[in-house]
Structure formats: structure tokens, C-alpha cells
Amino acid sequence: MDRERLDLISDLAIAVLLAFVLGLAWTIGDWSSLSALWLPDTDDVMRLQQVRDWLGGQSWSDLTQYRLGAGVPMHWSRVADLGPALLITTATPLLGTHRAEVLAVTVWPILLFAGALLLVGRITRRLDPDAARTAMVIAAIAYPATTIFVPGRIDHHGLQLVLLLGATLVAIGKPTFRNGAITGALAATSLVIGMETMPFFAVLGAAALLAWAYVGRGGDARIIGLGVGTLTGLGIGIAGFASRQWRYPACDGFTQQAATGLAIMAIVPLAVAVLGRHIISVRVRLAIAAALSFGALSVVRLQSPACGSPYGQVPILLRRLWLDHVGEAQSIVTASFGVAFGYLGVMLAGVAASAWLVRRRPGRNAVLLLALQCTAVAIAAVQLRGAYTGAMLGAPALAIMIGAARRRGALTLVPAWILSTGMLYPIAAEAFVPSPRKPAPSASSCTSPQAIAALDHLSLGMVMAPIDVAPWGIAATPHAFVAGPYHRNTAGNVAMYRFFLGHSGQARAIADRWKVRYVVYCDSDFDAIQPAPDSMVHELASRRIPAWLKPLDPTGNRIFEVVP
């Protein structure tokens with residue numbers, strides 16, 4: 001057995017071991033919630049419900065959530081449903097439905113975590129073989145990237161990060177048609193899942209074009225593969241995963257506009273290879289690549305105008321009251337110091353380590369990793385979710401830095417490990433700048449298991465509730481909900497805010513229009529808003545219940561039935 005295969009087996013064993021040990025610890029620590037399918041995030045709960053709906057008979061191409069708003073066409077795809085669905089269908093005959101679902105939501109993120117760690121190790125071997133195992137350890141504790149792999153996190157972010165790491169691995173490999181085609185196919189697959197990683201694939205594409213410009217003759221194979229792989233992947237994606245909502249007028253997922261935009265950009269490397277085939281001058285080749293790229297971007301703006309602002313259809317009201325307050329969607333400016341430092345700490349340490357590595361060992365691969373990390377920083381400046389990718393991509397350079405520090409002795413090794421340990425940053429932020437204490441979730445919360453169980457005991461009806469209640473309620477009860485934390489549910493979300501922030505007469509009219517049977521309210525749900533004195537929020541908070549609402553839990557005053 002050759003050395004390369006032994007290294008692969010060794011890396012795989014370490015990745016699986018790290019993922020299993022940490023996954024087991026996380027599972028044990030959160031077993032009470034996992035065993036009840038009380039998942040970490042609303043998107044995880046809704047993903048599980050989407051899988052249930054599909055396995056229960058909803059069409060493969062129909063991604064409508066019929067119990068949200070007036071029926072919301074979700075901006076997701078079936079790709080991320082496949083892993084959990086396969087585990088559920090395989091385990092159900094042996095364990096029953098509930099236990100099979102618990103198994104799926106526990107195992108699937110751990111499998112993705114093992115894949116991510118393995119890819120980080122393989123990427124690091126291209127830079128410094130001796131640092132590969134250290135890099136996997138650093139990646140395993142790289143907060144906040146670890147949070148998207150904890151048991152229960154079946155949303156698509158972990159899968160997208162694995163695809164990006166795979167694309168990065170082949171992008172720093174040999175400039176072959178095969179590697180270019182794999183990069184393109186992974187870009188297309190990632191788009192089918194969602195838009196979040198497209199900026200990183202744009203960087204990989206730009207890097208391939210720059211490499212072609214400087215290589216001269218013989219550098220066409222990779223960029224031709226890139227274009228062919230992307231277009232082929234898009235074709236397969238459209239044929240197999242385009243939903244009934246394919247023509248939805250937005251660029252927030254796998255829509256016609258998004259796919260058209262990527263297809264136009266995929267033509268660029270093919271055109272570049274044809275036009276520059278016999279040109280030797282680097283300047284001319286750069287000019288060709290730049291002109292075609294900017295020309296394609298102009299066409300994309302005309303053909304796919306929504307891609308300039310994926311959330312452009314969200315009204316200002318919803319942006320101000322809801323979207324701007326979503327944790328991972330916050331910018332550095334709006335997030336508290338503790339949150340920002342915890343999210344960005346190890347990512348910025350990784351950027352510094354990569355800059356050091358580029359200076360110490362100049363080369364295309366190190367520069368490409370630094371460019372990807374800088375892209376993550378730019379995204380995180382607007383939305384903190386960019387830190388997930390940045391934290392993981394920083395592991396290779398941090399591991400190489402630790403290797404250099406180890407040769408200098410303990411005085412440099414200890415600080416290097418401290419800087420590289422992502423889980424320390426949120427702890428340090430809390431220690432030096434304590435964040436305001438939030439009350440622990442209690443039975444009085446509208447999203448508590450007790451509140452959802454109380455709803456489950458009621459006869460079927462439409463529920464008017466704060467925005468985050470819907471995913472839990474849809475997954476655990478037969479009810480429908482007016483509002484939910486999904487940007488395409490514009491009408492329902494606007495109606496909910498106008499219901500609670502308007503006066504009683506307006507609220508009653510909205511309830512009648514939406515055929516609302518139940519109203520759910522908790523005092524803490526509108527803390528960030530200053531409602532008018534005559535608003536429903538103020539009335540309910542003061543326990544002045546309108547005559548058209550009948551309390552169903554007198555002790556909590558949180559669930560009401562609309563009196564006809």
C-alpha cells in the first residue's frame with residue numbers, strides 16, 4: 001500500500017474518531033431535547049417537516065409548506081432532504097418512525113462533520129503534510145463552524161460547507177479537466193441547495209481564470225472542465241431538482257433566475273479558452289478574461305435582476321421588525337461585542353495565519369485559501385453566517401503556524417494553540433464583556449414544549465402567533481400558522497405584525513380575513529418593539545383581553561380562541 005493511500009486512511013480514521021467523540025458528547029448533553037425532536041434551530045425543525053411531508057406523499061417537486069401563511073413556496077430544495085430521508089426510511093422498519101427520526105437528526109450532522117474534517121485534513125496536506133492532523137483537531141473545535149454540525153442541525157449549511165471544502169481541495173490540485181469539472185459540478189450542486197456559498201465559488205472561478213492567464217498554453221483543461229462541469233451540473237439539477245416554484249421571481253435559492261445567472265457565468269471559462277487559445281501574452285489573456293467576465297455580469301444583471309438583492313422583496317417593515325434581528329443574519333455593526341468576537345475570533349486568527357503563510361511560503365494554494373477567507377470576512381461583515389466558512393478554512397494555516405511554533409518551544413506553542421482554539425473566543429468575550437443575561441427558556445415561553453403541547457390538544461385551526469412559533473407548531477401539531485420565519489411568507493408575516501401592533505378593531509379584522517381560530521401571545525415576544533398604547537400587544541400584556549378573545553389557559557394567558 002503506497003504512502004498516499006495510507007495517509008488517506010489515517011486522515012479518515014482521525015476525522016471519524018473526532019466527529020464520533022464530539023458528536024457523542026454533544027448528543028449526550030442534549031439528549032433530552034434530541035429525543036423529543038426539539039431541534040437546535042427553527043430551520044432544522046422545518047427541514048424535518050419538509051422531509052416528513054415528502055415521505056408522507058407530497059410531490060418531489062412541490063416544496064410548498066401548506067400550513068404556513070396562505071401556502072408558502074419554500075426557497076429550499078430536495079438535495080438537503082436526501083440524507084435525513086434515507087436514514088429515516090432505512091431505520092423506520094427497525095425502530096419505528098419517531099426513533100428513526102431521532103437517529104437521522106443525530107447521525108446526519110455527525111457524518112457531515114466527519115466529511116468536513118477529512119477535507120480540511122486533505123487540503124492541509126497539499127500545503128504541509130505534517131500539519132494535516134493538527135488542522136483536523138483545530139477544525140473540530142472551530143467555533144462557530146462546529147455549531148452547524150451538532151446533532152439536530154439538519155439544515156443545509158453543513159452540507160454546503162462540505163461541498164465548498166471539496167471544491168477547494170480539487171481547486172488547489174492539478175489544473176486538469178477532471179478537477180475543473182468537479183469544481184463546476186460542486187458549484188452547481190451548491191446552488192441547487194442554496195445561494196449562501198456562491199461568493200466562494202466565484203472566487204474559485206476567478207482563481208482558475210487567473211491561473212489560466214499566467215500559465216500560457218496548455219492551461220485550458222481546467223477552465224474548460226469548470227465550464228462543462230457547471231453547465232452539466234446545472235442541467236442535472238434542473239432536470240432532477242427544479243421545483244414547481246422554479247419560476248418564482250427571486251434569486252434566493254434554486255430558481256430560474258439564479259440558475260440562469262450561473263449558466264451565463266459558466267460560459268465565460270469556455271469562451272476564454274476558445275478566444276485565448278493561441279495567445280501567449282499574459283496581459284492580453286487577462287484582458288480577455290476580465291472583459292468576458294464583466295460582460296457576463298452585465299448580462300446576468302439584465303437576465304436575473306433579482307440576484308442583485310436576494311432579499312429585495314422583503315418589505316421594510318419586516319426588515320426592521322424581524323430580519324435585521326435574526327442572529328446569523330446580523331452584521332458586525334448590529335451584533336453585540338460578545339457575539340461578534342465569538343463569531344469572528346478564530347476566523348480572523350486564521351486570516352492572520354494565512355497571511356503569514358503566504359509571506360513565508362508564497363504560492364497559489366496559500367493565496368487561494370487566503371482569498372477565500374477574506375471573502376468569508378467580507379460576508380461576515382454583512383451577515384455573521386460568513387464566519388462558519390471562515391473558521392473552517394482558517395484551520396490549515398493555523399495548523400502550519402502551530403507546527404512552526406512547536407519548533408520554537410513552549411513559549412510560542414501555547415499562545416499559538418490559544419489563538420487557534422475557536423471555542424475559547426466566545427468564552428473570553430463573555431468573561432471580559434458579559435452579555436446581558438437572558439432568562440432561561442421556561443414553560444411560559446410561546447415556543448416551549450409545554451406551549452406547543454397545549455396547542456396540540458386543541459381542535460384543528462389557523463393560529464396567529466409570533467413569528468418563531470410556526471416551525472415548532474407545524475412540526476408538532478396539525479395546526480396552520482399565519483406567520484413564520486421565512487422571507488417568502490410576506491403576506492402572513494406582515495399580517496401578524498399588523499395584528500399584534502394594531503388596535504383591537506384592526507386585529508379582529510385581520511383575524512377574520514385569515515380565518516384565525518387561535519391567538520398565541522407571550523410577554524417576551526415583542527420586547528424589542530415599542531408598541532402603541534392601544535395595540536394588541538399592550539392590551540394583552542396588561543391583561544386587558546378583548547371580548548372577542550376567550551382565554552384557553554387562564555394561568556398563563558397565552559393561548560386564546562377567537563369568539564365568532
# chains A, B, ... in the order shown; residues from 1 in each chain; ligands from 1
>>> select_by_dssp(residues="range 100-337 of chain A", states="alpha helix (DSSP H)", output="ChimeraX atom specification")
/A:100-127,132-140,157-171,177-193,198-215,220-241,256-275,282-303,316-321,337
>>> write_last_selection(atoms="C-alpha atoms", output="compact mmCIF listing (two decimals), in the first residue's frame")
# COMPACT_ATOMS: atom_id res chain seq x y z
CA ALA A 100 -35.85 6.67 13.16
CA GLU A 101 -36.24 10.44 13.01
CA VAL A 102 -34.21 10.84 16.20
CA LEU A 103 -31.49 8.65 14.67
CA ALA A 104 -31.50 10.65 11.45
CA VAL A 105 -31.27 14.10 13.03
CA THR A 106 -28.48 12.85 15.29
CA VAL A 107 -26.35 10.90 12.81
CA TRP A 108 -26.62 13.02 9.67
CA PRO A 109 -24.82 16.13 11.07
CA ILE A 110 -22.09 13.92 12.56
CA LEU A 111 -21.50 12.27 9.17
CA LEU A 112 -21.19 15.69 7.55
CA PHE A 113 -18.83 16.77 10.34
CA ALA A 114 -16.57 13.80 9.66
CA GLY A 115 -16.57 14.69 5.96
CA ALA A 116 -15.66 18.31 6.68
CA LEU A 117 -12.79 17.32 8.98
CA LEU A 118 -11.44 14.86 6.42
CA LEU A 119 -11.48 17.51 3.69
CA VAL A 120 -9.71 20.02 5.94
CA GLY A 121 -7.01 17.42 6.54
CA ARG A 122 -6.63 16.71 2.83
CA ILE A 123 -6.45 20.42 2.00
CA THR A 124 -3.75 20.89 4.62
CA ARG A 125 -1.68 18.02 3.19
CA ARG A 126 -1.40 19.99 -0.06
CA LEU A 127 0.23 22.80 1.93
CA ALA A 132 -2.83 17.72 8.49
CA ARG A 133 -3.78 16.04 11.76
CA THR A 134 -3.37 19.24 13.74
CA ALA A 135 -5.61 21.01 11.25
CA MET A 136 -8.38 18.45 11.78
CA VAL A 137 -8.21 18.98 15.53
CA ILE A 138 -8.39 22.76 15.06
CA ALA A 139 -11.34 22.39 12.68
CA ALA A 140 -13.11 20.13 15.18
CA HIS A 157 -25.47 24.86 5.95
CA GLY A 158 -23.33 21.89 6.97
CA LEU A 159 -23.81 20.19 3.61
CA GLN A 160 -22.92 23.37 1.74
CA LEU A 161 -19.71 23.78 3.75
CA VAL A 162 -18.70 20.19 2.93
CA LEU A 163 -19.28 20.84 -0.79
CA LEU A 164 -17.20 24.04 -0.63
CA LEU A 165 -14.35 22.26 1.14
CA GLY A 166 -14.46 19.55 -1.53
CA ALA A 167 -14.30 22.19 -4.26
CA THR A 168 -11.39 23.89 -2.51
CA LEU A 169 -9.50 20.60 -2.34
CA VAL A 170 -9.75 19.98 -6.09
CA ALA A 171 -9.16 23.66 -6.88
CA PHE A 177 -10.10 18.90 -16.88
CA ARG A 178 -11.29 16.47 -14.19
CA ASN A 179 -10.55 18.84 -11.31
CA GLY A 180 -12.14 21.75 -13.13
CA ALA A 181 -15.25 19.69 -13.87
CA ILE A 182 -15.56 18.59 -10.24
CA THR A 183 -15.30 22.21 -9.06
CA GLY A 184 -18.00 23.25 -11.51
CA ALA A 185 -20.28 20.36 -10.60
CA LEU A 186 -19.94 21.16 -6.90
CA ALA A 187 -20.73 24.83 -7.61
CA ALA A 188 -23.90 23.80 -9.42
CA THR A 189 -24.86 21.39 -6.64
CA SER A 190 -24.33 24.08 -4.03
CA LEU A 191 -26.59 26.46 -5.96
CA VAL A 192 -29.29 23.78 -6.14
CA ILE A 193 -29.15 23.72 -2.31
CA MET A 198 -21.91 31.30 -4.32
CA PRO A 199 -19.43 34.10 -3.46
CA PHE A 200 -16.84 31.47 -2.55
CA PHE A 201 -17.35 29.58 -5.79
CA ALA A 202 -16.99 32.89 -7.62
CA VAL A 203 -13.56 33.23 -6.01
CA LEU A 204 -12.64 29.69 -7.10
CA GLY A 205 -13.74 30.50 -10.64
CA ALA A 206 -11.78 33.75 -10.71
CA ALA A 207 -8.70 31.93 -9.39
CA ALA A 208 -8.98 29.38 -12.20
CA LEU A 209 -9.15 32.17 -14.79
CA LEU A 210 -6.16 33.97 -13.28
CA ALA A 211 -4.15 30.74 -13.27
CA TRP A 212 -5.06 30.21 -16.94
CA ALA A 213 -3.90 33.73 -17.81
CA TYR A 214 -0.49 33.22 -16.23
CA VAL A 215 0.13 29.62 -17.28
CA ASP A 220 -7.03 25.37 -20.92
CA ALA A 221 -8.03 21.99 -19.47
CA ARG A 222 -9.12 23.21 -16.03
CA ILE A 223 -11.24 26.15 -17.18
CA ILE A 224 -12.90 24.06 -19.89
CA GLY A 225 -13.69 21.46 -17.23
CA LEU A 226 -15.00 24.23 -14.97
CA GLY A 227 -17.48 25.42 -17.58
CA VAL A 228 -18.53 21.93 -18.66
CA GLY A 229 -18.92 20.73 -15.07
CA THR A 230 -21.01 23.73 -14.07
CA LEU A 231 -23.34 23.50 -17.06
CA THR A 232 -23.68 19.73 -16.71
CA GLY A 233 -24.39 20.06 -13.00
CA LEU A 234 -26.99 22.74 -13.68
CA GLY A 235 -28.64 20.56 -16.30
CA ILE A 236 -28.88 17.64 -13.89
CA GLY A 237 -30.08 19.98 -11.15
CA ILE A 238 -32.84 21.45 -13.30
CA ALA A 239 -33.93 18.03 -14.56
CA GLY A 240 -33.95 16.42 -11.13
CA PHE A 241 -34.46 19.13 -8.53
CA GLN A 256 -34.82 30.14 -12.79
CA GLN A 257 -33.13 33.49 -12.27
CA ALA A 258 -30.37 32.03 -10.08
CA ALA A 259 -29.70 29.13 -12.44
CA THR A 260 -29.66 31.45 -15.45
CA GLY A 261 -27.11 33.66 -13.73
CA LEU A 262 -24.76 30.76 -13.01
CA ALA A 263 -25.19 29.33 -16.53
CA ILE A 264 -24.20 32.67 -18.06
CA MET A 265 -21.10 32.85 -15.86
CA ALA A 266 -20.23 29.22 -16.70
CA ILE A 267 -19.94 30.18 -20.37
CA VAL A 268 -17.10 32.58 -19.51
CA PRO A 269 -14.33 29.98 -18.97
CA LEU A 270 -15.37 28.16 -22.15
CA ALA A 271 -15.28 31.38 -24.18
CA VAL A 272 -11.98 32.38 -22.60
CA ALA A 273 -10.41 29.05 -23.54
CA VAL A 274 -11.55 29.43 -27.16
CA LEU A 275 -10.60 33.09 -27.64
CA VAL A 282 -0.35 37.43 -20.10
CA ARG A 283 -1.76 40.94 -20.35
CA VAL A 284 -3.93 40.06 -23.32
CA ARG A 285 -5.15 36.87 -21.66
CA LEU A 286 -6.01 38.84 -18.51
CA ALA A 287 -7.84 41.41 -20.62
CA ILE A 288 -9.87 38.68 -22.36
CA ALA A 289 -10.81 37.04 -19.07
CA ALA A 290 -11.73 40.38 -17.47
CA ALA A 291 -13.75 41.63 -20.46
CA LEU A 292 -15.74 38.41 -20.78
CA SER A 293 -16.35 38.22 -17.02
CA PHE A 294 -17.63 41.79 -16.75
CA GLY A 295 -19.66 41.34 -19.91
CA ALA A 296 -21.26 38.20 -18.47
CA LEU A 297 -22.01 40.00 -15.21
CA SER A 298 -23.79 42.72 -17.17
CA VAL A 299 -25.90 40.13 -18.94
CA VAL A 300 -26.68 38.47 -15.60
CA ARG A 301 -27.92 41.79 -14.23
CA LEU A 302 -30.29 42.08 -17.18
CA GLN A 303 -31.46 38.46 -17.26
CA ILE A 316 -39.06 47.46 5.05
CA LEU A 317 -41.50 46.68 7.88
CA LEU A 318 -40.34 43.05 8.05
CA ARG A 319 -36.69 44.01 7.71
CA ARG A 320 -36.94 46.39 10.66
CA LEU A 321 -39.07 44.22 12.92
CA PHE A 337 -19.35 42.76 21.01
>>> closest_atom_pairs(of="range 108-202 of chain A", to="range 33-46 of chain A", cutoff="8 Å", atoms="only C-alpha atoms", output="tab-separated table")
residue	atom	partner	partner_atom	distance
A:Pro151	CA	A:Leu34	CA	7.7
A:Gly152	CA	A:Leu39	CA	5.1
A:Arg153	CA	A:Asp44	CA	5.7
A:Ile154	CA	A:Asp44	CA	5.3
A:Asp155	CA	A:Asp44	CA	5.0
>>> residues_around(residues="Gln245 in chain A", least_positions_apart="6", cutoff="10 Å", atoms="only C-alpha atoms", output="count of residues only")
11
>>> select_by_dssp(residues="range 15-148 of chain A", states="strand (DSSP E or B)", output="ChimeraX atom specification")
/A:64-65,68,72-73
>>> closest_atom_pairs(of="range 404-492 of chain A", to="range 345-349 of chain A", cutoff="7 Å", atoms="only C-alpha atoms", output="tab-separated table")
residue	atom	partner	partner_atom	distance
A:Leu419	CA	A:Ala349	CA	6.4
A:Ser420	CA	A:Val346	CA	6.2
A:Thr421	CA	A:Val346	CA	6.9
A:Gly422	CA	A:Val346	CA	5.0
A:Tyr425	CA	A:Gly345	CA	5.8
>>> write_last_selection(atoms="N, CA and C atoms", output="JSON list (two decimals), in the first residue's frame")
[["chain", "number", "residue", "atom", "x", "y", "z"],
["A", 419, "LEU", "N", -4.69, 30.92, 20.27],
["A", 419, "LEU", "CA", -5.23, 31.68, 19.16],
["A", 419, "LEU", "C", -6.01, 30.80, 18.19],
["A", 420, "SER", "N", -5.66, 29.52, 18.12],
["A", 420, "SER", "CA", -6.26, 28.61, 17.15],
["A", 420, "SER", "C", -7.48, 27.87, 17.68],
["A", 421, "THR", "N", -7.78, 28.01, 18.95],
["A", 421, "THR", "CA", -8.89, 27.28, 19.57],
["A", 421, "THR", "C", -10.16, 28.11, 19.49],
["A", 422, "GLY", "N", -10.98, 27.82, 18.50],
["A", 422, "GLY", "CA", -12.17, 28.64, 18.25],
["A", 422, "GLY", "C", -13.14, 28.70, 19.39],
["A", 425, "TYR", "N", -12.98, 31.74, 22.07],
["A", 425, "TYR", "CA", -13.33, 33.14, 21.78],
["A", 425, "TYR", "C", -14.67, 33.55, 22.40]]
>>> residues_around(residues="range 350-362 of chain A", least_positions_apart="6", cutoff="7 Å", atoms="only C-alpha atoms", output="list of chain:residue names")
A:Leu370, A:Gln373, A:Gly394, A:Ala395, A:Ala397, A:Leu398, A:Met401
>>> residues_around(residues="Asp523 in chain A", least_positions_apart="4", cutoff="10 Å", atoms="only C-alpha atoms", output="count of residues only")
11
>>> residues_around(residues="Asp324 in chain A", least_positions_apart="5", cutoff="12 Å", atoms="only C-alpha atoms", output="JSON, numbers by chain")
{"A": [311, 314, 315, 316, 317, 318, 319, 329, 330, 331, 332, 333, 334, 335, 382, 383, 384, 485, 487, 528]}
>>> atom_distance(atom1="CA of Asp11 in chain A", atom2="CA of Pro396 in chain A")
13.8 Å
>>> residues_around(residues="Gly342 in chain A", least_positions_apart="2", cutoff="7 Å", atoms="only C-alpha atoms", output="compact mmCIF listing (two decimals) with C-alpha atoms, in the first residue's frame")
# COMPACT_ATOMS: atom_id res chain seq x y z
CA GLY A 338 -19.57 39.34 22.64
CA VAL A 339 -21.41 37.78 19.71
CA ALA A 340 -19.13 39.41 17.11
CA LEU A 344 -15.13 36.29 14.22
CA GLY A 345 -12.25 35.48 16.59
CA TYR A 425 -13.33 33.14 21.78
CA PRO A 426 -16.98 33.19 22.92
CA ALA A 429 -15.87 37.52 25.24
